[in-house]
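The file structure.txt contains compact mmCIF, C-alpha atoms and all ligand atoms:
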```txt
# COMPACT_ATOMS: atom_id res chain seq x y z
CA MET S 1293 23.19 -6.47 16.20
CA ALA S 1294 22.73 -5.55 12.56
CA VAL S 1295 19.18 -4.78 11.49
CA ILE S 1296 17.71 -6.86 8.66
CA TYR S 1297 15.03 -4.56 7.35
CA LEU S 1298 12.24 -6.41 5.57
CA ASP S 1299 9.37 -4.01 6.26
CA ASN S 1300 9.61 -1.79 3.20
CA ASN S 1301 5.85 -1.64 2.65
CA ALA S 1302 5.70 0.19 6.00
CA THR S 1303 8.46 2.65 5.17
CA THR S 1304 11.81 2.70 3.40
CA GLN S 1305 15.34 3.81 3.98
CA VAL S 1306 15.97 7.27 2.48
CA ALA S 1307 18.27 6.84 -0.52
CA PRO S 1308 21.66 8.61 -0.16
CA GLU S 1309 21.02 10.39 -3.49
CA VAL S 1310 17.75 11.71 -2.05
CA VAL S 1311 19.54 12.98 1.07
CA GLU S 1312 21.88 14.80 -1.28
CA ALA S 1313 18.97 16.33 -3.20
CA ILE S 1314 17.14 17.62 -0.12
CA THR S 1315 20.07 18.85 1.97
CA PRO S 1316 20.64 22.21 0.19
CA PHE S 1317 17.06 23.25 1.01
CA LEU S 1318 17.48 22.39 4.68
CA VAL S 1319 20.83 23.91 5.41
CA GLY S 1320 21.27 26.84 3.01
CA GLU S 1321 18.38 27.61 0.76
CA TYR S 1322 15.71 27.55 3.42
CA PHE S 1323 13.78 30.50 1.97
CA ASN S 1324 10.05 30.47 1.48
CA PRO S 1325 9.44 29.75 -2.22
CA SER S 1326 6.61 32.31 -2.29
CA SER S 1327 8.88 35.16 -1.20
CA MET S 1328 9.66 37.89 -3.70
CA TYR S 1329 13.40 38.33 -3.11
CA GLU S 1330 16.09 36.82 -5.29
CA ALA S 1331 17.26 34.34 -2.63
CA ALA S 1332 13.91 32.56 -2.79
CA ARG S 1333 14.36 31.85 -6.49
CA GLY S 1334 16.29 28.61 -5.85
CA PRO S 1335 13.59 26.97 -3.69
CA ALA S 1336 10.83 28.19 -6.04
CA ASP S 1337 12.66 26.77 -9.06
CA ALA S 1338 13.23 23.48 -7.21
CA VAL S 1339 9.49 23.06 -6.67
CA VAL S 1340 8.78 23.79 -10.33
CA ALA S 1341 11.46 21.31 -11.44
CA ALA S 1342 10.24 18.59 -9.06
CA ARG S 1343 6.67 18.97 -10.29
CA LYS S 1344 7.83 18.59 -13.88
CA THR S 1345 9.87 15.50 -13.02
CA VAL S 1346 7.04 13.77 -11.13
CA ALA S 1347 4.55 14.56 -13.91
CA ARG S 1348 6.90 13.25 -16.59
CA LEU S 1349 7.75 10.04 -14.75
CA LEU S 1350 4.11 9.14 -14.21
CA GLY S 1351 3.62 8.95 -17.98
CA GLN S 1352 3.86 12.52 -19.25
CA ALA S 1353 1.17 14.05 -17.05
CA ARG S 1354 1.02 17.85 -17.00
CA PRO S 1355 3.00 19.48 -14.17
CA SER S 1356 -0.16 21.41 -13.23
CA GLU S 1357 -1.86 18.05 -12.55
CA ILE S 1358 0.54 17.24 -9.67
CA LEU S 1359 -0.37 18.47 -6.19
CA PHE S 1360 2.21 17.98 -3.43
CA THR S 1361 0.78 16.92 -0.05
CA SER S 1362 2.19 15.72 3.26
CA CYS S 1363 1.50 11.98 2.82
CA ALA S 1364 -0.69 9.47 1.03
CA THR S 1365 -3.29 9.71 3.79
CA GLU S 1366 -3.70 13.40 2.98
CA SER S 1367 -3.76 12.67 -0.76
CA ASN S 1368 -6.50 10.06 -0.25
CA ASN S 1369 -8.54 12.32 2.03
CA THR S 1370 -8.17 15.19 -0.44
CA ALA S 1371 -9.28 12.95 -3.30
CA VAL S 1372 -12.38 11.66 -1.51
CA PHE S 1373 -13.51 14.73 0.43
CA GLY S 1374 -12.53 17.06 -2.42
CA THR S 1375 -14.65 15.04 -4.87
CA ILE S 1376 -17.62 14.92 -2.52
CA ALA S 1377 -17.47 18.67 -1.86
CA ALA S 1378 -17.30 19.45 -5.59
CA ASN S 1379 -20.16 17.13 -6.56
CA PRO S 1380 -22.86 17.29 -3.87
CA GLU S 1381 -25.58 15.86 -6.12
CA ARG S 1382 -24.34 12.23 -5.97
CA ARG S 1383 -23.91 10.10 -2.84
CA HIS S 1384 -22.84 6.61 -3.93
CA ILE S 1385 -19.25 5.39 -3.67
CA VAL S 1386 -17.62 2.16 -4.83
CA THR S 1387 -14.47 0.92 -3.14
CA THR S 1388 -13.01 -2.43 -2.05
CA ALA S 1389 -13.02 -4.52 1.10
CA VAL S 1390 -9.23 -4.45 1.31
CA GLU S 1391 -8.25 -0.78 1.03
CA HIS S 1392 -5.67 0.76 3.34
CA PRO S 1393 -7.32 2.49 6.34
CA ALA S 1394 -6.62 5.85 4.62
CA ILE S 1395 -9.49 4.92 2.27
CA PHE S 1396 -11.25 2.18 4.25
CA GLU S 1397 -11.85 4.29 7.37
CA VAL S 1398 -12.77 7.33 5.27
CA SER S 1399 -15.37 5.19 3.47
CA LYS S 1400 -16.76 3.85 6.76
CA ASP S 1401 -17.03 7.41 8.03
CA LEU S 1402 -18.91 8.46 4.90
CA GLU S 1403 -21.31 5.56 5.39
CA ARG S 1404 -22.05 6.80 8.91
CA ARG S 1405 -22.75 10.24 7.38
CA GLY S 1406 -25.38 8.81 5.05
CA PHE S 1407 -23.40 8.04 1.89
CA GLU S 1408 -23.98 4.67 0.29
CA VAL S 1409 -20.73 2.74 -0.04
CA ASP S 1410 -20.19 -0.60 -1.80
CA PHE S 1411 -17.13 -2.48 -0.59
CA ILE S 1412 -16.33 -4.91 -3.44
CA PRO S 1413 -15.22 -8.30 -2.11
CA VAL S 1414 -12.12 -10.28 -3.03
CA ASP S 1415 -11.56 -14.02 -3.42
CA THR S 1416 -9.28 -16.16 -1.24
CA GLN S 1417 -6.27 -14.99 -3.23
CA GLY S 1418 -7.17 -11.33 -2.76
CA ARG S 1419 -8.33 -10.85 -6.38
CA LEU S 1420 -11.15 -8.37 -6.90
CA ASP S 1421 -14.55 -9.68 -8.01
CA ILE S 1422 -14.85 -7.77 -11.30
CA GLY S 1423 -18.45 -8.94 -11.84
CA GLU S 1424 -19.45 -7.42 -8.49
CA PHE S 1425 -17.55 -4.27 -9.41
CA VAL S 1426 -19.46 -3.85 -12.67
CA ARG S 1427 -22.79 -4.54 -10.95
CA ALA S 1428 -22.03 -1.97 -8.24
CA LEU S 1429 -21.76 0.99 -10.66
CA ARG S 1430 -25.03 2.97 -10.63
CA PRO S 1431 -26.42 6.11 -12.23
CA ASP S 1432 -25.83 7.97 -8.95
CA THR S 1433 -22.25 6.71 -8.42
CA LEU S 1434 -20.00 9.66 -7.66
CA LEU S 1435 -16.63 8.09 -6.99
CA VAL S 1436 -14.76 4.83 -7.43
CA SER S 1437 -11.69 4.35 -5.25
CA VAL S 1438 -9.67 1.18 -5.86
CA MET S 1439 -6.10 0.69 -4.70
CA HIS S 1440 -3.46 -0.32 -7.22
CA ALA S 1441 -1.42 -2.71 -5.05
CA ASN S 1442 -2.35 -3.98 -1.62
CA ASN S 1443 0.01 -2.99 1.18
CA GLU S 1444 -0.42 -6.27 3.11
CA THR S 1445 -0.39 -8.91 0.38
CA GLY S 1446 1.04 -7.00 -2.58
CA VAL S 1447 -1.90 -8.18 -4.72
CA ILE S 1448 -2.28 -5.91 -7.75
CA PHE S 1449 -5.71 -4.80 -8.96
CA PRO S 1450 -6.29 -4.20 -12.70
CA VAL S 1451 -6.74 -0.45 -12.36
CA ASP S 1452 -6.40 0.03 -16.12
CA GLU S 1453 -9.35 -2.28 -16.79
CA LEU S 1454 -11.44 -1.04 -13.83
CA SER S 1455 -11.00 2.62 -14.79
CA ARG S 1456 -11.88 1.85 -18.41
CA ILE S 1457 -15.03 -0.04 -17.37
CA THR S 1458 -15.98 2.85 -15.08
CA LYS S 1459 -15.64 5.47 -17.80
CA GLU S 1460 -17.44 3.33 -20.37
CA THR S 1461 -20.31 2.96 -17.89
CA ASP S 1462 -20.45 6.66 -17.09
CA PRO S 1463 -17.68 9.14 -17.95
CA SER S 1464 -18.77 11.47 -15.14
CA ILE S 1465 -17.87 8.97 -12.38
CA VAL S 1466 -14.61 10.09 -10.77
CA PHE S 1467 -12.00 7.30 -10.65
CA HIS S 1468 -9.39 7.40 -7.86
CA THR S 1469 -6.59 4.94 -7.21
CA ASP S 1470 -4.40 4.71 -4.13
CA ALA S 1471 -1.09 3.86 -5.78
CA THR S 1472 1.01 4.29 -2.63
CA GLN S 1473 2.48 0.80 -2.85
CA SER S 1474 2.95 0.74 -6.61
CA VAL S 1475 4.52 4.08 -7.57
CA GLY S 1476 8.23 3.37 -7.97
CA LYS S 1477 7.59 -0.39 -8.15
CA LEU S 1478 5.26 -0.68 -11.14
CA PRO S 1479 5.27 1.56 -14.22
CA ILE S 1480 2.44 4.11 -14.14
CA ASP S 1481 1.35 5.58 -17.45
CA LEU S 1482 -1.23 8.30 -16.95
CA ARG S 1483 -1.42 8.99 -20.67
CA GLY S 1484 -1.49 5.29 -21.61
CA SER S 1485 -2.94 2.37 -19.62
CA PHE S 1486 -3.99 4.70 -16.75
CA LYS S 1487 -5.54 7.35 -19.00
CA HIS S 1488 -8.97 6.84 -17.44
CA VAL S 1489 -7.68 7.50 -13.92
CA ASP S 1490 -8.75 10.93 -12.61
CA LEU S 1491 -7.01 10.94 -9.24
CA LEU S 1492 -3.94 9.01 -8.07
CA SER S 1493 -2.34 9.15 -4.61
CA PHE S 1494 1.11 8.22 -3.40
CA SER S 1495 3.68 8.89 -0.74
CA GLY S 1496 7.44 9.54 -0.70
CA HIS S 1497 8.43 7.32 2.18
CA LYS S 1498 7.47 4.12 0.36
CA LEU S 1499 10.00 4.82 -2.38
CA HIS S 1500 13.11 5.94 -0.50
CA ALA S 1501 12.15 9.59 0.04
CA PRO S 1502 11.50 10.90 3.59
CA LYS S 1503 8.26 10.62 5.56
CA GLY S 1504 6.11 13.76 5.36
CA ILE S 1505 5.74 14.18 1.61
CA GLY S 1506 3.10 12.82 -0.74
CA ALA S 1507 1.42 13.72 -3.98
CA LEU S 1508 -1.96 13.63 -5.64
CA TYR S 1509 -2.41 13.56 -9.40
CA ILE S 1510 -5.57 15.43 -10.40
CA HIS S 1511 -6.41 14.97 -14.05
CA ARG S 1512 -7.14 18.33 -15.71
CA GLY S 1513 -10.84 19.09 -15.54
CA THR S 1514 -11.55 16.78 -12.58
CA ARG S 1515 -13.73 18.55 -10.06
CA CYS S 1516 -11.99 18.32 -6.69
CA ARG S 1517 -12.37 21.08 -4.08
CA PRO S 1518 -9.29 22.04 -2.00
CA PHE S 1519 -9.12 20.15 1.28
CA LEU S 1520 -6.68 22.42 3.14
CA LEU S 1521 -7.80 26.02 2.85
CA GLY S 1522 -5.25 28.72 3.51
CA GLY S 1523 -2.65 30.44 1.36
CA HIS S 1524 -2.55 30.37 -2.41
CA GLN S 1525 0.17 27.70 -2.61
CA GLU S 1526 -0.09 24.79 -5.05
CA ASP S 1527 -2.12 26.98 -7.40
CA GLY S 1528 -4.73 27.57 -4.69
CA ARG S 1529 -5.41 23.85 -4.27
CA ARG S 1530 -3.60 23.32 -0.94
CA GLY S 1531 -2.78 25.99 1.59
CA GLY S 1532 0.50 25.68 3.51
CA THR S 1533 4.10 26.60 2.76
CA GLU S 1534 5.59 24.02 0.43
CA ASN S 1535 7.95 21.43 1.91
CA VAL S 1536 10.61 22.40 -0.63
CA ALA S 1537 13.29 19.96 0.53
CA PHE S 1538 11.05 16.93 0.55
CA ILE S 1539 9.37 17.93 -2.70
CA ALA S 1540 12.84 17.87 -4.28
CA GLY S 1541 13.33 14.54 -2.49
CA ILE S 1542 10.21 12.79 -3.77
CA ALA S 1543 11.09 13.80 -7.33
CA ARG S 1544 14.66 12.51 -6.96
CA ALA S 1545 13.35 9.26 -5.43
CA LEU S 1546 11.00 8.71 -8.35
CA GLU S 1547 13.85 9.40 -10.77
CA LEU S 1548 16.04 6.80 -9.05
CA ALA S 1549 13.23 4.23 -8.99
CA THR S 1550 12.66 4.74 -12.70
CA GLU S 1551 16.36 4.58 -13.62
CA SER S 1552 17.01 1.30 -11.82
CA HIS S 1553 13.53 -0.20 -12.25
CA ASP S 1554 14.33 -3.21 -14.45
CA GLU S 1555 17.45 -4.12 -12.53
CA ASP S 1556 15.66 -3.74 -9.16
CA VAL S 1557 12.69 -5.83 -10.26
CA ALA S 1558 14.93 -8.68 -11.42
CA ARG S 1559 16.94 -8.75 -8.17
CA ILE S 1560 14.03 -8.24 -5.79
CA THR S 1561 11.86 -10.84 -7.54
CA ALA S 1562 14.63 -13.42 -7.36
CA LEU S 1563 15.19 -12.75 -3.65
CA ARG S 1564 11.49 -12.81 -2.79
CA ASN S 1565 10.91 -16.00 -4.77
CA ARG S 1566 13.86 -17.73 -3.11
CA LEU S 1567 12.56 -16.70 0.32
CA GLN S 1568 9.08 -17.96 -0.54
CA GLU S 1569 10.24 -21.28 -2.02
CA GLU S 1570 12.57 -22.06 0.87
CA LEU S 1571 10.04 -21.23 3.58
CA VAL S 1572 7.28 -23.20 1.85
CA ALA S 1573 9.64 -26.18 1.49
CA ARG S 1574 10.87 -26.09 5.07
CA ILE S 1575 7.72 -25.28 7.04
CA PRO S 1576 4.57 -27.43 7.07
CA TYR S 1577 1.14 -25.78 7.34
CA LEU S 1578 2.30 -22.57 5.73
CA GLU S 1579 0.41 -20.69 3.04
CA VAL S 1580 1.28 -17.72 0.86
CA ASN S 1581 -1.46 -15.12 1.14
CA GLY S 1582 -2.26 -13.92 -2.38
CA GLY S 1583 0.34 -16.33 -3.80
CA ASP S 1584 -1.74 -17.17 -6.88
CA ALA S 1585 -2.67 -13.57 -7.71
CA PRO S 1586 -0.62 -10.98 -9.60
CA ARG S 1587 1.54 -9.54 -6.83
CA LEU S 1588 4.19 -6.90 -6.18
CA ASP S 1589 7.63 -8.44 -6.60
CA ASN S 1590 8.83 -7.25 -3.23
CA THR S 1591 6.05 -8.62 -1.00
CA LEU S 1592 5.69 -11.99 0.70
CA ASN S 1593 2.79 -12.46 3.09
CA ILE S 1594 2.71 -15.89 4.69
CA ALA S 1595 0.22 -17.49 7.00
CA CYS S 1596 1.66 -19.91 9.57
CA HIS S 1597 -1.11 -22.06 10.97
CA PHE S 1598 -1.52 -22.48 14.74
CA ILE S 1599 0.69 -19.64 15.98
CA GLU S 1600 0.45 -15.88 16.55
CA GLY S 1601 2.08 -13.33 14.26
CA GLU S 1602 3.05 -11.22 17.27
CA GLY S 1603 5.09 -14.10 18.72
CA ILE S 1604 6.83 -14.54 15.39
CA LEU S 1605 7.62 -10.85 15.09
CA PHE S 1606 8.98 -10.74 18.62
CA GLN S 1607 11.33 -13.63 17.95
CA LEU S 1608 12.36 -12.25 14.55
CA SER S 1609 13.17 -9.00 16.29
CA GLU S 1610 15.52 -10.86 18.66
CA HIS S 1611 17.54 -11.69 15.52
CA GLY S 1612 17.35 -8.08 14.31
CA ILE S 1613 14.81 -8.96 11.60
CA CYS S 1614 12.08 -6.35 11.01
CA ALA S 1615 8.78 -7.56 9.48
CA SER S 1616 5.04 -6.96 10.02
CA SER S 1617 2.10 -9.08 11.09
CA GLY S 1618 -1.45 -9.14 9.80
CA SER S 1619 -2.97 -8.31 13.17
CA ALA S 1620 -3.36 -5.02 14.91
CA CYS S 1621 -3.55 -4.87 18.67
CA THR S 1622 -6.71 -2.87 19.15
CA SER S 1623 -8.48 -2.36 22.46
CA GLY S 1624 -6.75 -5.26 24.12
CA SER S 1625 -7.80 -7.88 21.58
CA LEU S 1626 -5.70 -9.04 18.67
CA GLU S 1627 -7.91 -8.37 15.68
CA PRO S 1628 -6.85 -10.00 12.42
CA SER S 1629 -6.46 -7.56 9.57
CA HIS S 1630 -9.58 -6.69 7.55
CA VAL S 1631 -7.62 -7.60 4.42
CA LEU S 1632 -6.95 -11.21 5.47
CA ARG S 1633 -10.49 -11.49 6.83
CA ALA S 1634 -11.86 -10.34 3.47
CA MET S 1635 -9.74 -13.07 1.82
CA ASN S 1636 -11.26 -15.67 4.14
CA VAL S 1637 -7.86 -16.81 5.39
CA PRO S 1638 -8.67 -19.72 7.72
CA PHE S 1639 -9.03 -18.87 11.39
CA SER S 1640 -6.05 -21.05 12.34
CA ALA S 1641 -3.75 -19.03 10.05
CA VAL S 1642 -5.13 -15.50 10.07
CA HIS S 1643 -3.43 -14.71 13.38
CA GLY S 1644 -0.13 -16.20 12.24
CA SER S 1645 0.38 -14.03 9.19
CA VAL S 1646 3.67 -12.26 8.63
CA ARG S 1647 4.63 -9.87 5.87
CA PHE S 1648 8.15 -9.54 4.54
CA SER S 1649 8.66 -6.65 2.14
CA LEU S 1650 11.96 -6.16 0.34
CA SER S 1651 13.65 -3.22 -1.33
CA ARG S 1652 16.57 -2.58 -3.65
CA TYR S 1653 18.77 -2.43 -0.55
CA THR S 1654 17.89 -5.98 0.57
CA LEU S 1655 20.96 -8.25 0.53
CA ASP S 1656 21.22 -11.91 -0.42
CA ALA S 1657 22.84 -12.67 2.94
CA GLU S 1658 19.86 -11.12 4.76
CA ILE S 1659 17.47 -13.46 2.97
CA ASP S 1660 19.79 -16.38 3.85
CA THR S 1661 19.50 -15.44 7.53
CA VAL S 1662 15.70 -15.36 7.40
CA ILE S 1663 15.61 -18.73 5.64
CA GLU S 1664 17.77 -20.15 8.41
CA VAL S 1665 16.06 -18.55 11.39
CA PHE S 1666 12.38 -18.50 10.46
CA PRO S 1667 11.62 -22.27 10.36
CA GLU S 1668 13.09 -22.69 13.85
CA ILE S 1669 11.01 -19.78 15.18
CA VAL S 1670 7.83 -21.34 13.79
CA ALA S 1671 8.75 -24.78 15.18
CA SER S 1672 9.50 -23.39 18.64
CA LEU S 1673 6.23 -21.43 18.79
CA ARG S 1674 4.25 -24.45 17.61
CA ARG S 1675 5.74 -26.50 20.44
CA LEU S 1676 4.03 -24.04 22.80
CA SER S 1677 0.73 -24.01 20.89
CA PRO S 1678 -2.31 -25.84 22.30
CA TYR S 1679 -3.12 -26.78 18.69
CA TRP S 1680 0.15 -28.65 18.23
CA ASP S 1681 0.94 -32.23 19.31
CA THR S 1682 4.64 -32.01 20.11
CA GLY S 1683 5.00 -35.79 20.43
CA ARG S 1684 3.86 -36.35 16.84
CA ASP S 1685 5.13 -32.98 15.66
CA ALA S 1686 1.80 -32.37 13.95
CA PRO S 1687 -1.42 -30.49 14.65
CA THR S 1688 -3.82 -32.03 17.16
CA PRO S 1689 -6.86 -33.80 15.62
CA GLU S 1690 -9.10 -30.87 16.72
CA ALA S 1691 -6.71 -28.39 15.12
CA ARG S 1692 -6.75 -30.33 11.86
CA GLU S 1693 -10.51 -29.85 11.70
CA MET S 1694 -10.03 -26.09 12.04
CA LEU S 1695 -7.83 -25.84 8.97
CA GLU S 1696 -10.67 -24.80 6.67
CA GLN S 1697 -12.68 -22.75 9.16
CA THR S 1698 -12.73 -19.01 8.73
CA GLU S 1699 -14.52 -18.17 11.99
CA MET S 1700 -13.23 -18.78 15.50
CA PRO S 1701 -14.76 -22.03 16.78
CA GLN S 1702 -17.26 -21.59 19.64
CA SER S 1703 -15.93 -22.97 22.89
CA PRO S 1704 -18.30 -25.59 24.40
CA ALA S 1705 -20.77 -24.06 26.90
N1 LIG S 1801 -2.23 3.75 1.19
C1 LIG S 1801 -1.50 2.62 1.19
C2 LIG S 1801 -1.83 1.55 0.21
C3 LIG S 1801 -0.46 2.46 2.11
O1 LIG S 1801 0.25 1.33 2.10
C4 LIG S 1801 -0.19 3.50 3.03
C5 LIG S 1801 0.84 3.34 4.05
O2 LIG S 1801 1.13 2.23 4.48
C6 LIG S 1801 -0.97 4.66 2.97
C7 LIG S 1801 -1.98 4.76 2.05
C8 LIG S 1801 -0.72 5.80 3.91
O3 LIG S 1801 0.51 6.40 3.60
P1 LIG S 1801 1.09 7.61 4.44
O4 LIG S 1801 1.82 7.00 5.58
O5 LIG S 1801 2.02 8.32 3.51
O6 LIG S 1801 -0.03 8.46 4.86
```

Written form, structure tokens:
Amino acid sequence: MAVIYLDNNATTQVAPEVVEAITPFLVGEYFNPSSMYEAARGPADAVVAARKTVARLLGQARPSEILFTSCATESNNTAVFGTIAANPERRHIVTTAVEHPAIFEVSKDLERRGFEVDFIPVDTQGRLDIGEFVRALRPDTLLVSVMHANNETGVIFPVDELSRITKETDPSIVFHTDATQSVGKLPIDLRGSFKHVDLLSFSGHKLHAPKGIGALYIHRGTRCRPFLLGGHQEDGRRGGTENVAFIAGIARALELATESHDEDVARITALRNRLQEELVARIPYLEVNGGDAPRLDNTLNIACHFIEGEGILFQLSEHGICASSGSACTSGSLEPSHVLRAMNVPFSAVHGSVRFSLSRYTLDAEIDTVIEVFPEIVASLRRLSPYWDTGRDAPTPEAREMLEQTEMPQSPA
């Protein structure tokens, strides 16, 4: 059975051009770029060239401002822990209620260690409360960390405006953005609209490079202590032999994303919008999470009332369709995602959320298949749901009352 891959916010297919760019450093030029002999010149030059390319494509940053890491999780941890280590005098952090765990869990951990952290709330569409953001900034704020685009809903935060407000309030506050879902999808201009951003994280495997490579932009002059101590690689900012092949790969992937950006956006937006319109038209009690907010063109997160996302994913998988749900199976209980909880998605829908995320490799025919298959999956699961009256093909009267509730109703004692 052919796979229909619609989980590109989780990871992406490696582009053939990227495979071509990395292969020489795996099969022939495997030398350590720090070595002194002539043979190592090729890998060393490749790292220099990749750094220049990444810097240029993020809006003419300086090559020395780009640090290669192993993934966005490492970039985020480096940004946060590096900033804390370099600035021990301040202990207040501002972030959001909907960050990826690579910032959210780090922030929770810091709270347990005595830092004060403000998690700025979002509205029901996933939009950040800017008023709360402004009020949260304090004279002892050390770091602001706000993601650019949300991995679950695709909702885009106005990082340009938030970083400007931050610097106008206090230029010494360090501003970090987790741009893992936006690099390659949205233009990033570190000398223009993002000029107030000090630190920016991203990862190769979200933009058709392999897993195991990431990057952190560190604006010149930003105080950020090295996170991985060891050798003198990366100008002494990250110990560890450089992943030459994948460094070449992330640069090539960013080049490809930039070259085909306008064309990709037009195609992907049309496909995503068609998927959304058809599913909304064909399925009752279905909502688009973040549908009214500015969103990534490739992401569609829908909430199907009265059924479980896991059931949907299982049945989609039977048709070869790969997608994600908004729940994580933790310690035996299906916990809805903290992102959808923060958006106050009603209880009857929060468990039935499914995310489709497209890429430039998504085909029209694949979207046709989902449009055909998905409504029947939802209908069949609803027939099994205690909240659904199969005879009337409608929710039960009790279920109707739950439509607006955000907490699980108490069962009668
Ligand atoms: N930040 C965001 C917004 C993400 O979507 C992800 C991955 O899903 C990460 C960080 C972590 O990326 P990585 O797997 O490269 O560590």

Open item on the list: Let me see if you get this right: every residue at most 10 Å from ligand LIG 1801 (chain S), counting only C-alpha atoms and all ligand atoms, written as a ChimeraX atom specification.
Closed with: /S:1300-1303,1361-1369,1390-1396,1438-1444,1446,1469-1474,1493-1498,1502-1507

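The closest residue to S:Glu1312, picked from S:Ala1378, S:Val1451, S:Val1580, S:Ala1540 and counting all atoms listed in the file, is S:Ala1540.
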
Task: atom CA of S:Phe1639 to atom CA of S:Phe1598, distance in Å rounded to a single decimal - done: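 A separation of 9.0 Å between them.
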
Task: Residues near S:Ala1641, cut-off 7 Å, only C-alpha atoms, skip fewer than 5 positions along chain, as a PyMOL selection string - done: chain S and resi 1595-1598

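Minimum distance to S:Leu1434 across S:Leu1508, S:Cys1516, S:Leu1567, S:Met1293 (counting only C-alpha atoms) occurs at S:Cys1516.
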
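With only C-alpha atoms as the atoms that count, the minimum distance from S:Glu1453 to the choices S:Leu1435, S:Val1426, S:Ala1353, S:Val1631 is reached by S:Val1426.
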
TODO: Rank nothing, just name the residue among S:Asp1584, S:Glu1668, S:Asp1660, S:Asp1685 nearest to S:Thr1416, using only C-alpha atoms.
DONE: S:Asp1584

With 7 Å as the cut-off and all atoms listed in the file counted, what is the closest atom pair between each nearby residue of stretch 1513-1550 of chain S and stretch 1313-1332 of chain S? Distances in Å to one decimal, ordered by chain and number, as JSON lines.
```
{"residue": "S:Val1536", "atom": "CA", "partner": "S:Phe1317", "partner_atom": "CA", "distance": 6.7}
{"residue": "S:Ala1537", "atom": "CA", "partner": "S:Ile1314", "partner_atom": "CA", "distance": 4.6}
{"residue": "S:Phe1538", "atom": "CA", "partner": "S:Ile1314", "partner_atom": "CA", "distance": 6.2}
{"residue": "S:Ala1540", "atom": "CA", "partner": "S:Ile1314", "partner_atom": "CA", "distance": 6.0}
{"residue": "S:Gly1541", "atom": "CA", "partner": "S:Ile1314", "partner_atom": "CA", "distance": 5.4}
{"residue": "S:Arg1544", "atom": "CA", "partner": "S:Ala1313", "partner_atom": "CA", "distance": 6.9}
```

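Atom CA of S:Ile1560 is found 6.6 Å from atom CA of S:Arg1652.
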
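If all atoms listed in the file are the atoms counted, then among S:Glu1408, S:Ala1347, S:Arg1383, S:Leu1298 the closest residue to S:Val1646 is S:Leu1298.
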
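Straight-line separation from atom CA of S:Asp1554 to atom CA of S:Leu1350: 16.0 Å.
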
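For the residues S:Ala1573, S:Val1557, S:Leu1454, S:Leu1548, ranking by smallest atom-to-atom distance to S:Pro1308 using all atoms listed in the file places S:Leu1548 first.
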
Each side padded by 5 Å, which centre and which edge lengths in Å (one decimal) define the axis-aligned box around the listed atoms of stretch 1664-1674 of chain S? Give them as AutoDock Vina command-line options.
```
--center_x 11.0 --center_y -21.6 --center_z 13.6 --size_x 23.5 --size_y 16.3 --size_z 20.4
```

- [ ] May I have the residues at most 12 Å from (13.1, -8.2, 0.0) in the file's coordinates, counting all atoms listed in the file, as a ChimeraX atom specification?
- [x] /S:1296-1301,1304,1556-1568,1588-1593,1613-1615,1647-1660,1662

TODO: Quick one: residues within 8 Å of (-7.8, -16.9, 3.0) (file frame), counting all atoms listed in the file, please, as a PyMOL selection string.
DONE: chain S and resi 1415-1417+1581+1632-1638+1642+1698

Expected file: the selected residues, C-alpha atoms, as a compact mmCIF listing (two decimals), keeping the file's coordinate frame:
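selection39.txt was written with the following content:
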```txt
# COMPACT_ATOMS: atom_id res chain seq x y z
CA ASP S 1415 -11.56 -14.02 -3.42
CA THR S 1416 -9.28 -16.16 -1.24
CA GLN S 1417 -6.27 -14.99 -3.23
CA ASN S 1581 -1.46 -15.12 1.14
CA LEU S 1632 -6.95 -11.21 5.47
CA ARG S 1633 -10.49 -11.49 6.83
CA ALA S 1634 -11.86 -10.34 3.47
CA MET S 1635 -9.74 -13.07 1.82
CA ASN S 1636 -11.26 -15.67 4.14
CA VAL S 1637 -7.86 -16.81 5.39
CA PRO S 1638 -8.67 -19.72 7.72
CA VAL S 1642 -5.13 -15.50 10.07
CA THR S 1698 -12.73 -19.01 8.73
```

Restore N, CA and C atoms in stretch 1685-1691 of chain S and list the result as a PDB file, in the frame of the given file.
```pdb
ATOM      1  N   ASP S1685       4.711 -34.137  16.459  1.00  0.00           N
ATOM      2  CA  ASP S1685       5.130 -32.980  15.660  1.00  0.00           C
ATOM      3  C   ASP S1685       4.150 -32.714  14.516  1.00  0.00           C
ATOM      4  N   ALA S1686       2.894 -32.574  14.919  1.00  0.00           N
ATOM      5  CA  ALA S1686       1.800 -32.370  13.950  1.00  0.00           C
ATOM      6  C   ALA S1686       0.656 -31.680  14.686  1.00  0.00           C
ATOM      7  N   PRO S1687      -0.287 -31.099  13.949  1.00  0.00           N
ATOM      8  CA  PRO S1687      -1.420 -30.490  14.650  1.00  0.00           C
ATOM      9  C   PRO S1687      -2.253 -31.542  15.385  1.00  0.00           C
ATOM     10  N   THR S1688      -2.919 -31.115  16.445  1.00  0.00           N
ATOM     11  CA  THR S1688      -3.820 -32.030  17.160  1.00  0.00           C
ATOM     12  C   THR S1688      -5.000 -32.359  16.232  1.00  0.00           C
ATOM     13  N   PRO S1689      -5.708 -33.464  16.479  1.00  0.00           N
ATOM     14  CA  PRO S1689      -6.860 -33.800  15.620  1.00  0.00           C
ATOM     15  C   PRO S1689      -7.878 -32.664  15.561  1.00  0.00           C
ATOM     16  N   GLU S1690      -8.129 -31.981  16.712  1.00  0.00           N
ATOM     17  CA  GLU S1690      -9.100 -30.870  16.720  1.00  0.00           C
ATOM     18  C   GLU S1690      -8.588 -29.738  15.812  1.00  0.00           C
ATOM     19  N   ALA S1691      -7.291 -29.476  15.916  1.00  0.00           N
ATOM     20  CA  ALA S1691      -6.710 -28.390  15.120  1.00  0.00           C
ATOM     21  C   ALA S1691      -6.814 -28.688  13.628  1.00  0.00           C
TER      22      ALA S1691
END
```
